[in-house]
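Comments concern the structure below.
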Amino acid sequence: MTVQPHIAPARPPATQPERGALTIRNLSKSFQIDGAPFQVLRDINLEIRPGEFVSIVGASGCGKSTLLRLIVGLDTDYDGEIHLDGQRVTTTSLDRGLVFQDHRLFPWMTLEENVGLALLNTDIPKHRRAGVVAEHIALVNLTGFEKAYPHQLSGGMAQRAAIARALAASPKLLLLDEPLGALDALTRIHVQTELQRIWMQQRSTMLMVTHDVEEAVYLSDRILIMAPNPGRIRRIVEVDLPHPRERGSAQLHRLRDEILAELTGAPVTRSLIPFPAKETHS
């Protein structure tokens, strides 16, 4: 396990040419609160390679979601530069997909209609759209639920549908803002497994904000640890574990504890999974 402040080589995408390289240079962001400036982000410098899965962890209020809003183009009032595949980000675009904590499916539309919304302003010909929708519904293992409405889906199924919608337009970069935060523990584990499978199959570049450190270690190639007041990158942790990952891995649990210690200031404790002691016979 290594903790490094440099850019690790990314795995090559499996099914598409390299796309989704994100570069952030000297990014700072401030808000006006009661007439006074309040700096939310300061001097963010980051490079994400095509096909990487990167997570951001940190205390509430350290600017994680604000950073995602800037990358997606929902807020353009900041200092510094954001580039995707060499093009400066100046507004929202279909080349950046976004998944929120809540699935935000339209309740009056079926699953396939919700996923199809992502294709309305694309160059995909109308006669091919039904096939693209079906392909992405299959990608998230929801085939057979095409005609279901959101209220007929479980929380995990609805969130997978939101991921399918975000991926349908083939974005260069998928941004996930606490996408599993509203799910119960068992459903969250299941959707984490599905998200890992989707990423391994698609090799889309993904950037996820999460408060769940174990989730970040399970899914990510690298983890950004952010410090608050103002928000800044404290450390970049490389997760040198092969995919698919084993939840019971001692290395995974050790790295989780190291990152938690970094976030809380607590000493690193032994995190190996306990095994029953060998029986002794007198």
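Going through the structure tokens in order, the chains are called A, B, and so on, while each chain numbers its residues from 1 and the ligands are numbered from 1 in the order shown.
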
Next item on the list: Quick one: everything within 12 Å of His103 of chain A, counting only C-alpha atoms, minus sequence neighbours fewer than 5 positions away in the same chain. Send it as a list in words.
Entry: Leu98, Leu111, Asn114, Val115, Pro150, His151, Leu153, Ser154, Gly155, Gly156, Met157, Ala158, Gln159, Arg160, Ala161, Ala162, Ile163, Ala164, Arg165, Ala166, Leu176, Asp177, Glu178, Pro179, Leu180, Gly181, Ala182 and Leu183 of chain A

Checklist line | Within 9 Å of Thr193 of chain A using only C-alpha atoms, minus same-chain residues under 6 positions, as a PyMOL selection string | finding: chain A and resi 218-219+244

Check: Do you know which residues are at most 8 Å from Ser204 of chain A counting only C-alpha atoms, after dropping those on the same chain fewer than 5 positions away, and could you put them as an NGL selection string?
Finding: :A and (13 or 20 or 50-52 or 171-174 or 199)

Checklist line | Sel. of strand (DSSP E) residues, segment 36-266 of chain A, as a VMD selection string | finding: chain A and resid 36 to 48 53 to 58 79 to 84 87 to 88 96 to 99 173 to 177 205 to 209 222 to 227 232 to 238

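Every residue of segment 17-127 of chain A with a DSSP assignment of alpha helix (DSSP H), taken from the backbone, is listed as Lys64, Ser65, Thr66, Leu67, Leu68, Arg69, Leu70, Ile71, Val72, Leu111, Glu112, Glu113, Asn114, Val115, Gly116, Lys126 and His127 of chain A.
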
Based on the selection just made, write N, CA, C and O atoms of those residues as a PDB file, in the first residue's frame.
ATOM      1  N   LYS A  64     -16.180  19.233  -1.512  1.00  0.00           N
ATOM      2  CA  LYS A  64     -16.208  18.096  -2.445  1.00  0.00           C
ATOM      3  C   LYS A  64     -17.284  18.277  -3.521  1.00  0.00           C
ATOM      4  O   LYS A  64     -17.016  18.182  -4.725  1.00  0.00           O
ATOM      5  N   SER A  65     -18.508  18.539  -3.096  1.00  0.00           N
ATOM      6  CA  SER A  65     -19.607  18.691  -4.053  1.00  0.00           C
ATOM      7  C   SER A  65     -19.460  19.977  -4.868  1.00  0.00           C
ATOM      8  O   SER A  65     -19.832  20.023  -6.046  1.00  0.00           O
ATOM      9  N   THR A  66     -18.914  21.021  -4.250  1.00  0.00           N
ATOM     10  CA  THR A  66     -18.661  22.262  -4.989  1.00  0.00           C
ATOM     11  C   THR A  66     -17.694  22.000  -6.140  1.00  0.00           C
ATOM     12  O   THR A  66     -17.883  22.491  -7.257  1.00  0.00           O
ATOM     13  N   LEU A  67     -16.662  21.192  -5.884  1.00  0.00           N
ATOM     14  CA  LEU A  67     -15.703  20.856  -6.934  1.00  0.00           C
ATOM     15  C   LEU A  67     -16.390  20.134  -8.085  1.00  0.00           C
ATOM     16  O   LEU A  67     -16.138  20.442  -9.263  1.00  0.00           O
ATOM     17  N   LEU A  68     -17.308  19.203  -7.771  1.00  0.00           N
ATOM     18  CA  LEU A  68     -18.023  18.506  -8.833  1.00  0.00           C
ATOM     19  C   LEU A  68     -18.892  19.462  -9.639  1.00  0.00           C
ATOM     20  O   LEU A  68     -18.991  19.348 -10.867  1.00  0.00           O
ATOM     21  N   ARG A  69     -19.534  20.407  -8.972  1.00  0.00           N
ATOM     22  CA  ARG A  69     -20.371  21.385  -9.670  1.00  0.00           C
ATOM     23  C   ARG A  69     -19.538  22.215 -10.648  1.00  0.00           C
ATOM     24  O   ARG A  69     -19.992  22.526 -11.751  1.00  0.00           O
ATOM     25  N   LEU A  70     -18.325  22.560 -10.261  1.00  0.00           N
ATOM     26  CA  LEU A  70     -17.469  23.327 -11.156  1.00  0.00           C
ATOM     27  C   LEU A  70     -17.051  22.484 -12.362  1.00  0.00           C
ATOM     28  O   LEU A  70     -17.023  22.968 -13.498  1.00  0.00           O
ATOM     29  N   ILE A  71     -16.737  21.219 -12.114  1.00  0.00           N
ATOM     30  CA  ILE A  71     -16.304  20.347 -13.209  1.00  0.00           C
ATOM     31  C   ILE A  71     -17.440  20.101 -14.193  1.00  0.00           C
ATOM     32  O   ILE A  71     -17.225  20.086 -15.415  1.00  0.00           O
ATOM     33  N   VAL A  72     -18.647  19.939 -13.681  1.00  0.00           N
ATOM     34  CA  VAL A  72     -19.773  19.670 -14.585  1.00  0.00           C
ATOM     35  C   VAL A  72     -20.218  20.928 -15.315  1.00  0.00           C
ATOM     36  O   VAL A  72     -20.897  20.851 -16.341  1.00  0.00           O
ATOM     37  N   LEU A 111     -39.016   3.401 -16.911  1.00  0.00           N
ATOM     38  CA  LEU A 111     -37.557   3.291 -16.847  1.00  0.00           C
ATOM     39  C   LEU A 111     -36.932   3.592 -18.206  1.00  0.00           C
ATOM     40  O   LEU A 111     -35.995   4.390 -18.305  1.00  0.00           O
ATOM     41  N   GLU A 112     -37.443   2.981 -19.265  1.00  0.00           N
ATOM     42  CA  GLU A 112     -36.826   3.198 -20.573  1.00  0.00           C
ATOM     43  C   GLU A 112     -37.023   4.636 -21.055  1.00  0.00           C
ATOM     44  O   GLU A 112     -36.151   5.190 -21.736  1.00  0.00           O
ATOM     45  N   GLU A 113     -38.127   5.265 -20.681  1.00  0.00           N
ATOM     46  CA  GLU A 113     -38.329   6.667 -21.058  1.00  0.00           C
ATOM     47  C   GLU A 113     -37.356   7.578 -20.306  1.00  0.00           C
ATOM     48  O   GLU A 113     -36.831   8.541 -20.880  1.00  0.00           O
ATOM     49  N   ASN A 114     -37.115   7.275 -19.031  1.00  0.00           N
ATOM     50  CA  ASN A 114     -36.159   8.065 -18.258  1.00  0.00           C
ATOM     51  C   ASN A 114     -34.754   7.952 -18.832  1.00  0.00           C
ATOM     52  O   ASN A 114     -34.045   8.952 -18.987  1.00  0.00           O
ATOM     53  N   VAL A 115     -34.339   6.742 -19.167  1.00  0.00           N
ATOM     54  CA  VAL A 115     -33.015   6.556 -19.754  1.00  0.00           C
ATOM     55  C   VAL A 115     -32.933   7.227 -21.120  1.00  0.00           C
ATOM     56  O   VAL A 115     -31.924   7.845 -21.472  1.00  0.00           O
ATOM     57  N   GLY A 116     -34.014   7.152 -21.883  1.00  0.00           N
ATOM     58  CA  GLY A 116     -34.038   7.749 -23.211  1.00  0.00           C
ATOM     59  C   GLY A 116     -33.914   9.258 -23.213  1.00  0.00           C
ATOM     60  O   GLY A 116     -33.503   9.853 -24.226  1.00  0.00           O
ATOM     61  N   LYS A 126     -32.486   8.722 -34.406  1.00  0.00           N
ATOM     62  CA  LYS A 126     -33.669   8.268 -33.674  1.00  0.00           C
ATOM     63  C   LYS A 126     -33.899   6.763 -33.805  1.00  0.00           C
ATOM     64  O   LYS A 126     -34.344   6.114 -32.853  1.00  0.00           O
ATOM     65  N   HIS A 127     -33.579   6.211 -34.975  1.00  0.00           N
ATOM     66  CA  HIS A 127     -33.844   4.784 -35.167  1.00  0.00           C
ATOM     67  C   HIS A 127     -32.896   3.898 -34.355  1.00  0.00           C
ATOM     68  O   HIS A 127     -33.153   2.703 -34.193  1.00  0.00           O
TER      69      HIS A 127
END

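When only C-alpha atoms are used to compute distances to Ile236 of chain A, the closest of the residues A:Leu22, A:Ile189, A:Leu46, A:Val132 turns out to be A:Leu46.
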
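Among the candidate residues A:Leu84, A:Val99, A:Leu74, A:Ala169, the one lying nearest to Val209 of chain A is A:Val99, with distances computed using only C-alpha atoms.
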
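Interatomic distance, atom CA of Pro228 of chain A to atom CA of Asn26 of chain A: 16.7 Å.
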
Margin query: As an exercise, work out the distance from atom CA of Glu47 of chain A to atom CA of Tyr78 of chain A in Å and give it to one decimal place.
Written below: 18.1 Å

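Across the model, the gap from atom CA of Pro125 of chain A to atom CA of Ile198 of chain A is 24.6 Å.
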
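You can rank A:Thr23, A:Gln39, A:Thr143, A:Gln101 by their closest distance to Cys62 of chain A using only C-alpha atoms, and at the top of that list sits A:Gln39.
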
Notebook entry, point to check: Of the candidates A:Ala138, A:Ala148, A:Phe31, A:Asn45, which one gets nearest to Met109 of chain A if we count only C-alpha atoms?
Noted result: A:Ala148

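Residues lying within 10 Å of Arg197 of chain A, counting only C-alpha atoms and ignoring same-chain neighbours fewer than 6 positions away, are Leu139, Val140, Val191, Arg203, Leu219, His243 and Pro244 of chain A.
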
Item checked: Given only C-alpha atoms as the counted atoms, nearest of A:Ile82, A:Ser170, A:Gln87, A:Asp240 to Ile124 of chain A -> A:Ser170

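Distances to Pro37 of chain A were evaluated for A:Phe100, A:Phe145, A:Ile225, A:Pro230 using only C-alpha atoms, and the minimum falls at A:Pro230.
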